[in-house]
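Structure first, then comments.
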Amino acid sequence: MTKKSFVTQGIQYIINPSDEIALTRALELTEKDGGSVTVINVGDNSTEATIRKALAIGATDAVRVNAAPRDAFFVAKQIAEYAGKNSFDLILCGRESIDYNGSQVPSMVAEMLSLPAVNSVKSLTIENGTATLDREIEGGKEVVTCPLPCVVSATEGMAEPRIPNMRGIMSARTKPLTVAEPVDVENMQQIVSYDKPQPRTQVKLIDAANVAALVDALHNEAKVI
Amino acid sequence: MNILAYIETADGKLKKSALEILSYGAAIASQTGGQLTAIAIGDVQADELAKAGRYGAAKVLHANNDKLKQYVGQAYATAVAEAAKNIQADVVVLSNSFSGKGMAPRIAVKLNAAMADGAVALPETGNGFKVRKTAFSGKAFADVELTSKTKIVTLVPNSYKSVEQAAAGAVEAFSPQINDADFAVKVKEVVKASDKISLPEAEIVVSGGRGLKGPENWGMIEELASLLGAATACSKPVSDANWRPHSEHVGQTGLAISPNLYIAIGISGAIQHLAGVSSSKTIVVINKDPEAPFFKAADYGIVGDAFEVVPKLIEEVKKFKAANS
């Protein structure tokens, strides 16, 4: 059966894992060199608990753009709008969300603001206004430099996420969380339906004493070797 | 529809994903009565450009100069967007690779185009433009309708079979107008294990988990992988413990892969791991715990100690290769 949306009832929302890495690295950088960390989210008011968690981890302030995050283009436009009006040295994002896995927002924001971007970054250091980054590539990594301001999307390895402490949780309640209204964006796509992959047929168990049967099955039956 | 395919190369040669992109683009062109143009950037061997013409491209554009020799996403995106405008492309297809994922969103903004990332099948073009993509880290599929004039699609490696054709397209030099500002990112060093098969593109993947007890036991994983021409991968606890590099981590927060054959050794099969590998065509699980959840998501399973089963499997694969070579 196909569905147009999924049931959100009872879901405990979290900060997207790679966004949490990005947030932590942002905090480490400002602890070292000074500055502030602003968190931005595009969502309705149900996301405020998650935003407060980011403030508890250590962000200075937060902005919520009051709109359902329709698609990547829409979200990128809202972020670019806010970031363009305020001046930031670095826009750090997660590599991709673990629900839609689009990884589109960081590069879209960069393009909208005519900024350079580096994606899937495992290591980020900044010296004299220039970032040095390790970027993931197929089968290895690339070391690149990029002048600030720029957009960076973070992946595993850039930082170890922090667990908020009691002081952080208490202070998060009073940190500024601004609500901004969204800008209009033309709607160019919609999800027509969702469905689940075909379940696999029952596993064929092969006796550990007869490994040859596995090689035979992979060659003659599955035809993958 | 006019289709533009951006094709990736490595060391002057077309990547496997490039052939898939070409065949995919050619199929969309043929089902809509249009033409496929390919674009390659940087140093590419002449015979490889000609090869692109044999995989369905009526024309192969080649952009190259000193600055374009190394991948800079911003500059490459500008080149592809300009080519798309020149040929009045209706659809631009790229691989859902690290490079493709960096360029495609920029091209979408430049062309005011809707974008579908991670496509796994040809679009339906009979009435509108609808394409199937992965969602929720491989736990579901979503059918997305794109309604903009120009559309961007990134294709998951290994999800479309490449086909060589009789016709051969012509190769043409292309000189895009790129501002210096697009070259702000400078490549200092490329660190690559060149003898290894790239994990996202690999047709066979041999993967190890915590059941292998320590990094010193990866020799047999590497040996099995090299015999099968496979890439190696690992589960999250293994990369978290630094037994293996993060680049080998497959799963919800690591890489999502879709090889023809995925062999999981000593991996219990947590839902986060399954998310990254469930679109593999055939899954083999070797685990000593008969209750490991991975057996429910596998095609073939062996309940047994990896340290006994894997050496036997290596011997059997050697025998098989000797008999079939």
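Chain labels follow the order of the structure tokens: the first chain is A, the next B, and so on; residue numbering restarts at 1 in every chain, and ligands are counted from 1 in their shown order.
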**Report entry** Test item, alpha helix (DSSP H) assignment across chain A, answer as a ChimeraX atom specification
**Finding:** /A:17-33,48-57,72-85,105-112,166-172,212-216
Write out as an mmCIF file with C-alpha atoms, in the first residue's frame the residues lying within 8 Å of Ala208 of chain A, counting only C-alpha atoms and excluding same-chain residues fewer than 4 positions away.
```cif
data_model
loop_
_atom_site.group_PDB
_atom_site.id
_atom_site.type_symbol
_atom_site.label_atom_id
_atom_site.label_comp_id
_atom_site.auth_asym_id
_atom_site.auth_seq_id
_atom_site.Cartn_x
_atom_site.Cartn_y
_atom_site.Cartn_z
ATOM 1 C CA ILE B 302 25.777 -19.249 7.875
ATOM 2 C CA VAL B 303 25.506 -19.686 11.625
ATOM 3 C CA GLY B 304 29.091 -20.153 12.713
ATOM 4 C CA VAL B 309 33.882 -19.931 8.416
#
```
Give me the residues of chain A that have any atom at most 6 Å from an atom of chain B; for each, the nearest atom pair and the distance in Å, rounded to one decimal. Use only C-alpha atoms, sort by chain and number, and format it as JSON lines.
```
{"residue": "A:Ile98", "atom": "CA", "partner": "B:Ser137", "partner_atom": "CA", "distance": 5.9}
{"residue": "A:Asp99", "atom": "CA", "partner": "B:Phe136", "partner_atom": "CA", "distance": 4.1}
{"residue": "A:Tyr100", "atom": "CA", "partner": "B:Ala135", "partner_atom": "CA", "distance": 5.0}
{"residue": "A:Gly102", "atom": "CA", "partner": "B:Asp117", "partner_atom": "CA", "distance": 5.8}
{"residue": "A:Gln104", "atom": "CA", "partner": "B:Pro105", "partner_atom": "CA", "distance": 5.3}
{"residue": "A:Ser107", "atom": "CA", "partner": "B:Pro105", "partner_atom": "CA", "distance": 5.7}
{"residue": "A:Met108", "atom": "CA", "partner": "B:Pro105", "partner_atom": "CA", "distance": 5.1}
{"residue": "A:Glu111", "atom": "CA", "partner": "B:Arg106", "partner_atom": "CA", "distance": 5.4}
{"residue": "A:Ile137", "atom": "CA", "partner": "B:Phe98", "partner_atom": "CA", "distance": 6.0}
{"residue": "A:Glu138", "atom": "CA", "partner": "B:Ser198", "partner_atom": "CA", "distance": 5.6}
{"residue": "A:Gly139", "atom": "CA", "partner": "B:Ser198", "partner_atom": "CA", "distance": 4.7}
{"residue": "A:Gly140", "atom": "CA", "partner": "B:Lys192", "partner_atom": "CA", "distance": 4.4}
{"residue": "A:Lys141", "atom": "CA", "partner": "B:Val191", "partner_atom": "CA", "distance": 5.2}
{"residue": "A:Glu142", "atom": "CA", "partner": "B:Val190", "partner_atom": "CA", "distance": 4.4}
{"residue": "A:Val143", "atom": "CA", "partner": "B:Glu189", "partner_atom": "CA", "distance": 5.0}
{"residue": "A:Val144", "atom": "CA", "partner": "B:Val187", "partner_atom": "CA", "distance": 4.4}
{"residue": "A:Thr145", "atom": "CA", "partner": "B:Lys186", "partner_atom": "CA", "distance": 5.3}
{"residue": "A:Cys146", "atom": "CA", "partner": "B:Val185", "partner_atom": "CA", "distance": 4.6}
{"residue": "A:Met188", "atom": "CA", "partner": "B:Thr147", "partner_atom": "CA", "distance": 5.1}
{"residue": "A:Gln189", "atom": "CA", "partner": "B:Leu146", "partner_atom": "CA", "distance": 4.5}
{"residue": "A:Gln190", "atom": "CA", "partner": "B:Glu145", "partner_atom": "CA", "distance": 5.4}
{"residue": "A:Ile191", "atom": "CA", "partner": "B:Val144", "partner_atom": "CA", "distance": 4.4}
{"residue": "A:Val192", "atom": "CA", "partner": "B:Asp143", "partner_atom": "CA", "distance": 5.5}
{"residue": "A:Ser193", "atom": "CA", "partner": "B:Asp143", "partner_atom": "CA", "distance": 5.3}
{"residue": "A:Tyr194", "atom": "CA", "partner": "B:Ala142", "partner_atom": "CA", "distance": 4.4}
{"residue": "A:Asp195", "atom": "CA", "partner": "B:Phe141", "partner_atom": "CA", "distance": 5.4}
{"residue": "A:Lys196", "atom": "CA", "partner": "B:Ala140", "partner_atom": "CA", "distance": 4.5}
{"residue": "A:Pro197", "atom": "CA", "partner": "B:Ala140", "partner_atom": "CA", "distance": 6.0}
{"residue": "A:Val203", "atom": "CA", "partner": "B:Asp299", "partner_atom": "CA", "distance": 4.6}
{"residue": "A:Lys204", "atom": "CA", "partner": "B:Tyr300", "partner_atom": "CA", "distance": 4.7}
{"residue": "A:Leu205", "atom": "CA", "partner": "B:Gly301", "partner_atom": "CA", "distance": 4.7}
{"residue": "A:Ile206", "atom": "CA", "partner": "B:Ile302", "partner_atom": "CA", "distance": 5.2}
{"residue": "A:Ala208", "atom": "CA", "partner": "B:Gly304", "partner_atom": "CA", "distance": 5.7}
{"residue": "A:Val211", "atom": "CA", "partner": "B:Leu313", "partner_atom": "CA", "distance": 5.9}
{"residue": "A:Ala212", "atom": "CA", "partner": "B:Glu316", "partner_atom": "CA", "distance": 5.7}
```
Requested in this report: Mind giving me the straight-line distance from atom CA of Pro17 of chain A to atom CA of Gly43 of chain A in Å, one decimal?
Outcome: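 Between these atoms lies a distance of 17.4 Å.
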**Report entry** Sel. of strand (DSSP E) residues, segment 8-201 of chain A, as number ranges by chain
**Finding:** A: 38-43, 61-66, 90-94, 117-127, 130-137, 140-147, 150-154, 177-180, 189-195
Output C-alpha atoms of each residue in that selection to a file, as a short mmCIF file (atom, residue, chain, number, x, y, z; two decimals), in the first residue's frame.
```
data_model
loop_
_atom_site.label_atom_id
_atom_site.label_comp_id
_atom_site.auth_asym_id
_atom_site.auth_seq_id
_atom_site.Cartn_x
_atom_site.Cartn_y
_atom_site.Cartn_z
CA THR A 38 23.62 30.96 16.14
CA VAL A 39 21.42 27.94 15.48
CA ILE A 40 18.82 28.14 12.71
CA ASN A 41 15.94 25.74 12.09
CA VAL A 42 13.07 25.77 9.62
CA GLY A 43 10.06 24.21 11.28
CA ASP A 61 21.11 32.05 20.36
CA ALA A 62 18.63 30.53 17.93
CA VAL A 63 16.29 31.41 15.09
CA ARG A 64 13.29 29.39 14.02
CA VAL A 65 11.80 30.14 10.63
CA ASN A 66 8.15 29.45 11.20
CA LEU A 90 31.02 30.28 8.68
CA ILE A 91 27.80 28.44 7.89
CA LEU A 92 28.16 24.91 9.26
CA CYS A 93 25.58 22.27 8.37
CA GLY A 94 25.26 18.52 8.77
CA ALA A 117 31.29 25.33 -0.04
CA VAL A 118 33.01 22.14 1.00
CA ASN A 119 30.90 19.02 1.63
CA SER A 120 31.27 15.86 3.74
CA VAL A 121 34.05 17.38 5.82
CA LYS A 122 35.79 15.19 8.41
CA SER A 123 38.17 17.80 9.77
CA LEU A 124 37.94 21.60 9.93
CA THR A 125 40.49 24.07 11.28
CA ILE A 126 40.58 27.82 10.78
CA GLU A 127 43.60 30.07 10.76
CA THR A 130 41.19 30.51 5.91
CA ALA A 131 39.67 27.11 6.59
CA THR A 132 41.65 23.92 6.03
CA LEU A 133 39.40 20.93 5.53
CA ASP A 134 39.52 17.18 4.92
CA ARG A 135 36.75 16.28 2.54
CA GLU A 136 35.55 12.71 1.92
CA ILE A 137 35.92 11.42 -1.63
CA GLY A 140 39.98 8.43 0.25
CA LYS A 141 40.07 12.07 1.22
CA GLU A 142 41.03 15.43 -0.20
CA VAL A 143 42.72 18.21 1.77
CA VAL A 144 41.44 21.62 0.63
CA THR A 145 41.63 25.22 1.76
CA CYS A 146 38.82 27.75 1.53
CA PRO A 147 38.63 31.43 2.50
CA CYS A 150 32.04 29.77 3.41
CA VAL A 151 29.60 26.89 3.83
CA VAL A 152 30.80 23.58 5.27
CA SER A 153 28.85 20.34 5.69
CA ALA A 154 30.06 18.10 8.49
CA LEU A 177 15.04 32.08 20.42
CA THR A 178 13.74 34.37 17.69
CA VAL A 179 10.87 33.36 15.43
CA ALA A 180 11.13 34.65 11.85
CA GLN A 189 8.12 19.39 -6.35
CA GLN A 190 6.02 17.15 -4.17
CA ILE A 191 6.22 13.66 -2.80
CA VAL A 192 3.48 11.63 -4.45
CA SER A 193 3.83 8.47 -2.37
CA TYR A 194 6.01 6.51 0.01
CA ASP A 195 6.41 2.79 0.13
#
```
Query raised in the report: Near Arg173 of chain A, within 9 Å and counting only C-alpha atoms, which residues show up once chain neighbours fewer than 4 positions away are dropped, as a PyMOL selection string?
Result: chain A and resi 52+55-56+168-169
